[in-house]
$ cat work-v8.tsv   # TSV, C-alpha atoms
chain	number	residue	atom	x	y	z
A	1	MET	CA	235.45	-51.81	53.64
A	2	ARG	CA	231.92	-50.56	54.29
A	3	ALA	CA	229.20	-49.50	51.87
A	4	PHE	CA	225.50	-48.78	51.89
A	5	ALA	CA	223.01	-46.51	50.17
A	6	THR	CA	219.88	-44.66	51.20
A	7	LEU	CA	216.75	-43.36	49.52
A	8	ARG	CA	214.52	-40.73	51.02
A	9	PHE	CA	211.43	-38.85	49.99
A	10	ALA	CA	210.80	-35.57	51.80
A	11	GLY	CA	208.22	-32.83	51.81
A	12	ASP	CA	205.72	-31.10	54.06
A	13	ALA	CA	202.75	-33.00	52.62
A	14	LEU	CA	204.44	-36.43	52.61
A	15	ASP	CA	202.30	-39.37	53.74
A	16	PRO	CA	204.75	-42.16	54.71
A	17	ASP	CA	202.12	-44.88	54.35
A	18	GLU	CA	201.48	-43.88	50.77
A	19	ILE	CA	205.16	-44.28	49.83
A	20	SER	CA	205.38	-47.63	51.63
A	21	ARG	CA	202.30	-48.84	49.76
A	22	VAL	CA	203.74	-47.90	46.39
A	23	VAL	CA	207.28	-49.25	46.87
A	24	LYS	CA	206.04	-52.29	48.86
A	25	GLU	CA	208.76	-51.83	51.47
A	26	GLN	CA	208.82	-50.60	55.06
A	27	PRO	CA	211.06	-47.60	55.71
A	28	THR	CA	214.02	-47.56	58.07
A	29	ARG	CA	212.47	-44.39	59.50
A	30	ALA	CA	209.48	-42.30	58.53
A	31	TYR	CA	207.52	-39.44	60.02
A	32	ARG	CA	205.10	-36.72	59.00
A	33	LYS	CA	205.71	-33.00	59.37
A	34	GLY	CA	205.05	-32.06	63.00
A	35	GLU	CA	204.96	-35.69	64.18
A	36	ARG	CA	206.83	-36.44	67.39
A	37	TYR	CA	208.89	-39.61	67.31
A	38	ARG	CA	211.79	-41.16	69.19
A	39	PRO	CA	214.72	-42.34	67.03
A	40	GLY	CA	215.97	-44.73	69.74
A	41	PRO	CA	216.16	-45.40	73.48
A	42	ARG	CA	219.03	-42.94	74.05
A	43	SER	CA	217.46	-40.20	71.93
A	44	PRO	CA	214.91	-37.64	73.07
A	45	GLU	CA	211.59	-37.13	71.29
A	46	VAL	CA	212.13	-35.31	68.02
A	47	THR	CA	209.60	-33.31	65.99
A	48	GLY	CA	209.64	-33.84	62.23
A	49	LYS	CA	210.42	-30.51	60.56
A	50	THR	CA	209.07	-31.96	57.34
A	51	GLY	CA	207.72	-35.34	56.27
A	52	VAL	CA	210.33	-38.02	55.56
A	53	TRP	CA	210.26	-41.57	54.24
A	54	TYR	CA	213.80	-42.96	54.64
A	55	PHE	CA	215.16	-46.35	53.59
A	56	SER	CA	218.73	-47.52	54.25
A	57	THR	CA	220.34	-50.68	52.90
A	58	ARG	CA	222.87	-50.74	55.78
A	59	ARG	CA	221.14	-53.52	57.69
A	60	LYS	CA	219.41	-55.07	54.67
A	61	ILE	CA	222.25	-55.86	52.23
A	62	GLN	CA	225.46	-57.51	53.42
A	63	SER	CA	227.58	-56.75	50.33
A	64	LYS	CA	230.63	-54.47	50.45
A	65	ASP	CA	229.98	-53.54	46.82
A	66	LEU	CA	228.16	-50.21	46.62
A	67	THR	CA	226.55	-51.24	43.33
A	68	ASP	CA	224.62	-54.02	45.11
A	69	HIS	CA	223.18	-51.44	47.49
A	70	LEU	CA	222.27	-49.04	44.69
A	71	ASP	CA	220.66	-51.90	42.76
A	72	ALA	CA	218.39	-52.54	45.75
A	73	LEU	CA	217.24	-48.91	45.67
A	74	VAL	CA	216.70	-48.97	41.92
A	75	THR	CA	214.59	-52.11	42.32
A	76	LEU	CA	212.32	-50.25	44.75
A	77	ILE	CA	211.53	-47.79	41.97
A	78	PHE	CA	211.79	-50.09	38.95
A	79	PRO	CA	210.63	-53.59	39.97
A	80	PHE	CA	211.07	-56.38	37.43
A	81	ALA	CA	208.64	-56.38	34.50
A	82	ASP	CA	206.78	-53.36	35.85
A	83	GLN	CA	206.98	-51.29	32.65
A	84	ASP	CA	207.62	-48.09	34.64
A	85	ARG	CA	204.22	-48.21	36.37
A	86	ARG	CA	205.76	-47.70	39.82
A	87	LEU	CA	207.99	-44.91	38.54
A	88	LYS	CA	204.94	-43.13	37.17
A	89	GLU	CA	203.02	-43.58	40.43
A	90	LEU	CA	205.93	-42.20	42.49
A	91	HIS	CA	206.42	-39.35	40.05
A	92	ASP	CA	202.73	-38.44	40.31
A	93	ILE	CA	202.87	-38.44	44.13
A	94	MET	CA	206.04	-36.32	44.09
A	95	GLU	CA	204.41	-33.77	41.82
A	96	ARG	CA	201.10	-33.70	43.70
A	97	GLU	CA	202.70	-33.40	47.15
A	98	ASN	CA	205.75	-31.42	46.05
A	99	LEU	CA	208.18	-34.03	47.37
A	100	GLN	CA	211.91	-34.31	46.73
A	101	ALA	CA	213.80	-37.58	46.39
A	102	HIS	CA	217.42	-38.01	47.44
A	103	VAL	CA	219.80	-40.94	47.17
A	104	THR	CA	222.98	-41.08	49.22
A	105	CYS	CA	225.97	-43.39	48.92
A	106	PHE	CA	228.23	-44.23	51.85
A	107	TRP	CA	231.62	-45.86	51.35
A	108	ARG	CA	234.65	-46.24	53.59
A	109	GLY	CA	237.73	-48.10	52.43
A	110	PRO	CA	241.31	-48.64	53.55
A	111	SER	CA	243.98	-46.10	52.79
A	112	GLY	CA	244.94	-46.25	49.13
A	113	ALA	CA	241.78	-48.04	47.98
A	114	ASN	CA	240.06	-46.81	44.84
A	115	GLN	CA	236.77	-45.09	45.55
A	116	PRO	CA	233.75	-46.68	43.88
A	117	SER	CA	231.94	-45.12	40.97
A	118	ILE	CA	228.20	-44.99	40.38
A	119	PRO	CA	227.22	-46.98	37.29
A	120	SER	CA	225.69	-44.75	34.62
A	121	VAL	CA	222.69	-47.07	34.34
A	122	VAL	CA	221.99	-46.46	38.04
A	123	SER	CA	222.42	-42.68	37.93
A	124	GLY	CA	220.32	-42.57	34.75
A	125	ALA	CA	217.51	-44.54	36.38
A	126	LEU	CA	217.52	-42.44	39.55
A	127	HIS	CA	217.48	-39.18	37.62
A	128	ARG	CA	214.26	-40.33	35.94
A	129	LEU	CA	212.44	-40.20	39.32
A	130	PRO	CA	214.01	-37.57	39.68
A	131	ALA	CA	216.35	-38.19	42.63
A	132	ASP	CA	219.64	-36.41	43.21
A	133	ILE	CA	222.64	-38.46	44.30
A	134	GLU	CA	224.98	-37.46	47.10
A	135	VAL	CA	228.20	-39.34	47.85
A	136	ASP	CA	230.02	-39.71	51.17
A	137	PHE	CA	233.25	-41.49	50.25
A	138	ALA	CA	236.42	-41.55	52.34
A	139	THR	CA	239.40	-43.69	53.13
A	140	GLU	CA	240.32	-44.47	56.70
A	141	ASP	CA	243.73	-42.82	56.66
A	142	ARG	CA	243.32	-40.17	59.32
B	1	MET	CA	226.42	-31.64	81.42
B	2	ALA	CA	227.30	-32.97	77.99
B	3	ARG	CA	230.25	-31.36	76.24
B	4	ILE	CA	230.37	-30.46	72.54
B	5	ILE	CA	233.08	-32.44	70.78
B	6	TRP	CA	232.26	-31.60	67.13
B	7	ASN	CA	230.57	-28.61	65.54
B	8	ARG	CA	231.44	-28.53	61.82
B	9	PRO	CA	229.91	-29.62	58.49
B	10	GLU	CA	232.50	-32.16	57.36
B	11	ASN	CA	232.99	-35.73	58.56
B	12	PRO	CA	234.45	-35.74	62.08
B	13	PRO	CA	238.03	-37.00	62.47
B	14	LYS	CA	239.21	-39.94	64.53
B	15	HIS	CA	239.64	-38.04	67.79
B	16	VAL	CA	235.85	-37.57	67.89
B	17	SER	CA	235.14	-41.29	67.55
B	18	ASP	CA	237.88	-41.93	70.14
B	19	GLN	CA	236.05	-39.67	72.60
B	20	LEU	CA	232.84	-41.61	71.96
B	21	GLY	CA	234.69	-44.92	72.38
B	22	ILE	CA	233.71	-46.30	68.97
B	23	PRO	CA	235.64	-47.10	65.76
B	24	HIS	CA	235.91	-44.24	63.28
B	25	TRP	CA	234.05	-46.12	60.53
B	26	GLN	CA	231.17	-46.74	62.93
B	27	LEU	CA	230.86	-43.03	63.68
B	28	GLY	CA	230.84	-42.32	59.93
B	29	GLU	CA	228.03	-44.82	59.32
B	30	ALA	CA	225.93	-43.61	62.23
B	31	LEU	CA	226.33	-39.95	61.34
B	32	HIS	CA	225.45	-40.60	57.70
B	33	GLU	CA	222.23	-42.31	58.81
B	34	ILE	CA	221.37	-39.58	61.31
B	35	LYS	CA	221.90	-36.73	58.86
B	36	HIS	CA	219.89	-38.23	56.03
B	37	ALA	CA	217.09	-39.66	58.17
B	38	GLY	CA	216.85	-36.09	59.50
B	39	ASN	CA	216.60	-34.76	55.94
B	40	LEU	CA	219.98	-33.04	56.11
B	41	ARG	CA	222.68	-33.16	53.47
B	42	ALA	CA	226.18	-34.50	54.05
B	43	THR	CA	227.56	-30.96	54.02
B	44	ASP	CA	225.15	-29.66	56.68
B	45	ARG	CA	226.74	-28.77	59.98
B	46	VAL	CA	225.84	-30.89	63.00
B	47	ILE	CA	226.83	-30.74	66.64
B	48	ILE	CA	228.00	-33.88	68.45
B	49	CYS	CA	228.21	-34.09	72.24
B	50	ASP	CA	230.30	-36.50	74.28
B	51	ASP	CA	227.14	-38.39	75.34
B	52	GLY	CA	226.49	-39.22	71.67
B	53	MET	CA	223.70	-36.70	71.09
B	54	VAL	CA	223.61	-35.15	67.65
B	55	THR	CA	221.75	-31.94	66.92
B	56	ASP	CA	221.41	-29.80	63.83
B	57	GLU	CA	223.08	-26.41	63.63
B	58	TYR	CA	220.10	-24.83	65.43
B	59	GLY	CA	220.47	-27.16	68.39
B	60	ASP	CA	217.41	-29.27	67.54
B	61	ALA	CA	217.93	-32.94	68.43
B	62	LEU	CA	218.33	-35.45	65.58
B	63	SER	CA	219.32	-38.70	67.30
B	64	ASN	CA	221.99	-40.29	69.45
B	65	ILE	CA	225.04	-41.91	67.85
B	66	TYR	CA	224.70	-44.94	70.17
B	67	ASP	CA	221.16	-45.56	68.88
B	68	GLU	CA	222.51	-45.95	65.35
B	69	LEU	CA	225.32	-48.47	66.00

$ encode --input "work-v8.tsv" --output "structure tokens"
Amino acid sequence: MRAFATLRFAGDALDPDEISRVVKEQPTRAYRKGERYRPGPRSPEVTGKTGVWYFSTRRKIQSKDLTDHLDALVTLIFPFADQDRRLKELHDIMERENLQAHVTCFWRGPSGANQPSIPSVVSGALHRLPADIEVDFATEDR
Amino acid sequence: MARIIWNRPENPPKHVSDQLGIPHWQLGEALHEIKHAGNLRATDRVIICDDGMVTDEYGDALSNIYDEL
């Protein structure tokens, strides 16, 4: 069984350093619109079509429980005892720079396994950003 | 010359991962990362070549599957 979750902010005016400063976390990948970057040694140089700040829990959280991965993303936006200050700061940046936020959930399980569900407290918190949530769930039965 | 082995929006089936020589779950993980780091949605069509290169539907490079394993 495999699970992870991702959070990304995207928009033409996105400044990756600004998002990193606010969430106090380095992204898995980030680039500005028009920036040329190389995703890896076997990849060619790629030009960012828009600005992206992308964080994946795949190599950060070992758990097979999707909720643990989503909790890590929620903590980036709502740190403990923060009284929504970080949420407000992110919301202000998103409005000012016309950014969108997206959360994705990846899960693969054995044939016949029950697919996970997203806790309502998590979806409620992410919608406050606002971030949409996209799921990629499948069982390995092909 | 690399050959196209997948050119559809949905998750590629096992014969695609077999051609790349990797487990199916590993292809799923790598493709999920590539699509979303490239600001695509899960339902967006991508093109996968037998050398691992992934491009968007316009042929613009996103990443290589082997860089995401």

$ residues_near_point --input "work-v8.tsv" --point "(231.3, -43.2, 63.3)" --cutoff "12 Å" --atoms "only C-alpha atoms" --output "ChimeraX atom specification"
/A:2,106,108,140 /B:11-34,48,52,54,64-69

$ residues_around --input "work-v8.tsv" --residues "segment 63-65 of chain A" --least-positions-apart "3" --cutoff "12 Å" --atoms "all atoms listed in the file" --output "list in words"
Met1, Arg2, Ala3, Phe4, Ala5, Thr57, Arg58, Arg59, Lys60, Asp68, His69, Leu70, Asp71, Ala72, Cys105, Phe106, Trp107, Arg108, Gly109, Gln115, Pro116, Ser117, Ile118 and Pro119 of chain A

$ closest_atom_pairs --input "work-v8.tsv" --of "chain A" --to "chain B" --cutoff "9 Å" --atoms "all atoms listed in the file" --output "JSON lines"
{"residue": "A:Arg2", "atom": "CA", "partner": "B:Trp25", "partner_atom": "CA", "distance": 7.9}
{"residue": "A:Ala3", "atom": "CA", "partner": "B:Glu29", "partner_atom": "CA", "distance": 8.9}
{"residue": "A:Phe4", "atom": "CA", "partner": "B:Glu29", "partner_atom": "CA", "distance": 8.8}
{"residue": "A:Thr6", "atom": "CA", "partner": "B:His36", "partner_atom": "CA", "distance": 8.0}
{"residue": "A:Leu7", "atom": "CA", "partner": "B:His36", "partner_atom": "CA", "distance": 8.9}
{"residue": "A:Arg8", "atom": "CA", "partner": "B:Ala37", "partner_atom": "CA", "distance": 7.7}
{"residue": "A:Phe9", "atom": "CA", "partner": "B:Asn39", "partner_atom": "CA", "distance": 8.9}
{"residue": "A:Ala10", "atom": "CA", "partner": "B:Asn39", "partner_atom": "CA", "distance": 7.2}
{"residue": "A:Thr28", "atom": "CA", "partner": "B:Ala37", "partner_atom": "CA", "distance": 8.5}
{"residue": "A:Arg29", "atom": "CA", "partner": "B:Ala37", "partner_atom": "CA", "distance": 6.7}
{"residue": "A:Ala30", "atom": "CA", "partner": "B:Ala37", "partner_atom": "CA", "distance": 8.1}
{"residue": "A:Arg38", "atom": "CA", "partner": "B:Ser63", "partner_atom": "CA", "distance": 8.1}
{"residue": "A:Pro39", "atom": "CA", "partner": "B:Ser63", "partner_atom": "CA", "distance": 5.9}
{"residue": "A:Gly40", "atom": "CA", "partner": "B:Asp67", "partner_atom": "CA", "distance": 5.3}
{"residue": "A:Pro41", "atom": "CA", "partner": "B:Asp67", "partner_atom": "CA", "distance": 6.8}
{"residue": "A:Arg42", "atom": "CA", "partner": "B:Asn64", "partner_atom": "CA", "distance": 6.1}
{"residue": "A:Ser43", "atom": "CA", "partner": "B:Asn64", "partner_atom": "CA", "distance": 5.2}
{"residue": "A:Pro44", "atom": "CA", "partner": "B:Ala61", "partner_atom": "CA", "distance": 7.3}
{"residue": "A:Glu45", "atom": "CA", "partner": "B:Ala61", "partner_atom": "CA", "distance": 8.1}
{"residue": "A:Val46", "atom": "CA", "partner": "B:Ala61", "partner_atom": "CA", "distance": 6.3}
{"residue": "A:Thr47", "atom": "CA", "partner": "B:Ala61", "partner_atom": "CA", "distance": 8.7}
{"residue": "A:Gly48", "atom": "CA", "partner": "B:Gly38", "partner_atom": "CA", "distance": 8.0}
{"residue": "A:Lys49", "atom": "CA", "partner": "B:Gly38", "partner_atom": "CA", "distance": 8.6}
{"residue": "A:Thr50", "atom": "CA", "partner": "B:Asn39", "partner_atom": "CA", "distance": 8.2}
{"residue": "A:Gly51", "atom": "CA", "partner": "B:Asn39", "partner_atom": "CA", "distance": 8.9}
{"residue": "A:Val52", "atom": "CA", "partner": "B:Asn39", "partner_atom": "CA", "distance": 7.1}
{"residue": "A:Trp53", "atom": "CA", "partner": "B:Ala37", "partner_atom": "CA", "distance": 8.1}
{"residue": "A:Tyr54", "atom": "CA", "partner": "B:Ala37", "partner_atom": "CA", "distance": 5.8}
{"residue": "A:Phe55", "atom": "CA", "partner": "B:Ala37", "partner_atom": "CA", "distance": 8.3}
{"residue": "A:Ser56", "atom": "CA", "partner": "B:Glu33", "partner_atom": "CA", "distance": 7.8}
{"residue": "A:Arg58", "atom": "CA", "partner": "B:Glu29", "partner_atom": "CA", "distance": 8.6}
{"residue": "A:His102", "atom": "CA", "partner": "B:His36", "partner_atom": "CA", "distance": 8.9}
{"residue": "A:Thr104", "atom": "CA", "partner": "B:His36", "partner_atom": "CA", "distance": 8.0}
{"residue": "A:Phe106", "atom": "CA", "partner": "B:His32", "partner_atom": "CA", "distance": 7.4}
{"residue": "A:Trp107", "atom": "CA", "partner": "B:Glu29", "partner_atom": "CA", "distance": 8.8}
{"residue": "A:Arg108", "atom": "CA", "partner": "B:Trp25", "partner_atom": "CA", "distance": 7.0}
{"residue": "A:Glu134", "atom": "CA", "partner": "B:Ala42", "partner_atom": "CA", "distance": 7.6}
{"residue": "A:Val135", "atom": "CA", "partner": "B:Ala42", "partner_atom": "CA", "distance": 8.1}
{"residue": "A:Asp136", "atom": "CA", "partner": "B:Ala42", "partner_atom": "CA", "distance": 7.1}
{"residue": "A:Glu140", "atom": "CA", "partner": "B:Trp25", "partner_atom": "CA", "distance": 7.5}
{"residue": "A:Arg142", "atom": "CA", "partner": "B:Lys14", "partner_atom": "CA", "distance": 6.6}

$ residues_around --input "work-v8.tsv" --residues "Ile77 of chain A" --least-positions-apart "6" --cutoff "10 Å" --atoms "only C-alpha atoms" --output "number ranges by chain"
A: 22-24, 84-90, 125-126, 128-129

$ residues_around --input "work-v8.tsv" --residues "Leu14 of chain A" --least-positions-apart "2" --cutoff "9 Å" --atoms "only C-alpha atoms" --output "number ranges by chain"
A: 9-12, 16-19, 31-33, 50-53, 93-94, 97-99

$ atom_distance --input "work-v8.tsv" --atom1 "atom CA of Glu25 of chain A" --atom2 "atom CA of Phe78 of chain A"
13.0 Å

$ atom_distance --input "work-v8.tsv" --atom1 "atom CA of Leu66 of chain A" --atom2 "atom CA of Trp6 of chain B"
28.0 Å

$ atom_distance --input "work-v8.tsv" --atom1 "atom CA of Ser20 of chain A" --atom2 "atom CA of Asp56 of chain B"
26.9 Å

$ build_atoms --input "work-v8.tsv" --residues "segment 7-29 of chain A" --atoms "N, CA and C atoms" --output "compact mmCIF listing (two decimals), in the coordinates of the input"
# COMPACT_ATOMS: atom_id res chain seq x y z
N LEU A 7 217.73 -44.07 50.35
CA LEU A 7 216.75 -43.36 49.52
C LEU A 7 215.79 -42.66 50.46
N ARG A 8 215.53 -41.39 50.20
CA ARG A 8 214.52 -40.73 51.02
C ARG A 8 213.64 -39.82 50.15
N PHE A 9 212.39 -39.79 50.54
CA PHE A 9 211.43 -38.85 49.99
C PHE A 9 211.14 -37.85 51.12
N ALA A 10 211.03 -36.58 50.77
CA ALA A 10 210.80 -35.57 51.80
C ALA A 10 209.91 -34.47 51.27
N GLY A 11 209.08 -33.96 52.16
CA GLY A 11 208.22 -32.83 51.81
C GLY A 11 207.17 -32.64 52.88
N ASP A 12 206.67 -31.42 52.99
CA ASP A 12 205.72 -31.10 54.06
C ASP A 12 204.43 -31.91 53.98
N ALA A 13 204.02 -32.29 52.78
CA ALA A 13 202.75 -33.00 52.62
C ALA A 13 202.94 -34.52 52.55
N LEU A 14 204.15 -35.00 52.78
CA LEU A 14 204.44 -36.43 52.61
C LEU A 14 203.60 -37.30 53.54
N ASP A 15 203.02 -38.35 52.98
CA ASP A 15 202.30 -39.37 53.74
C ASP A 15 203.15 -40.64 53.68
N PRO A 16 203.84 -41.01 54.76
CA PRO A 16 204.75 -42.16 54.71
C PRO A 16 204.07 -43.46 54.27
N ASP A 17 202.82 -43.64 54.70
CA ASP A 17 202.12 -44.88 54.35
C ASP A 17 201.90 -45.00 52.85
N GLU A 18 201.70 -43.87 52.21
CA GLU A 18 201.48 -43.88 50.77
C GLU A 18 202.74 -44.35 50.03
N ILE A 19 203.91 -43.85 50.47
CA ILE A 19 205.16 -44.28 49.83
C ILE A 19 205.40 -45.77 50.09
N SER A 20 205.18 -46.21 51.32
CA SER A 20 205.38 -47.63 51.63
C SER A 20 204.47 -48.52 50.78
N ARG A 21 203.24 -48.06 50.58
CA ARG A 21 202.30 -48.84 49.76
C ARG A 21 202.79 -48.97 48.32
N VAL A 22 203.32 -47.89 47.79
CA VAL A 22 203.74 -47.90 46.39
C VAL A 22 205.02 -48.73 46.21
N VAL A 23 206.01 -48.54 47.07
CA VAL A 23 207.28 -49.25 46.87
C VAL A 23 207.27 -50.64 47.50
N LYS A 24 206.19 -50.96 48.24
CA LYS A 24 206.04 -52.29 48.86
C LYS A 24 207.23 -52.63 49.76
N GLU A 25 207.63 -51.65 50.55
CA GLU A 25 208.76 -51.83 51.47
C GLU A 25 208.54 -50.93 52.68
N GLN A 26 208.91 -51.42 53.86
CA GLN A 26 208.82 -50.60 55.06
C GLN A 26 210.06 -49.74 55.19
N PRO A 27 209.89 -48.48 55.60
CA PRO A 27 211.06 -47.60 55.71
C PRO A 27 211.91 -47.92 56.93
N THR A 28 213.15 -47.49 56.89
CA THR A 28 214.02 -47.56 58.07
C THR A 28 213.52 -46.56 59.11
N ARG A 29 213.08 -45.39 58.63
CA ARG A 29 212.47 -44.39 59.50
C ARG A 29 211.53 -43.54 58.66
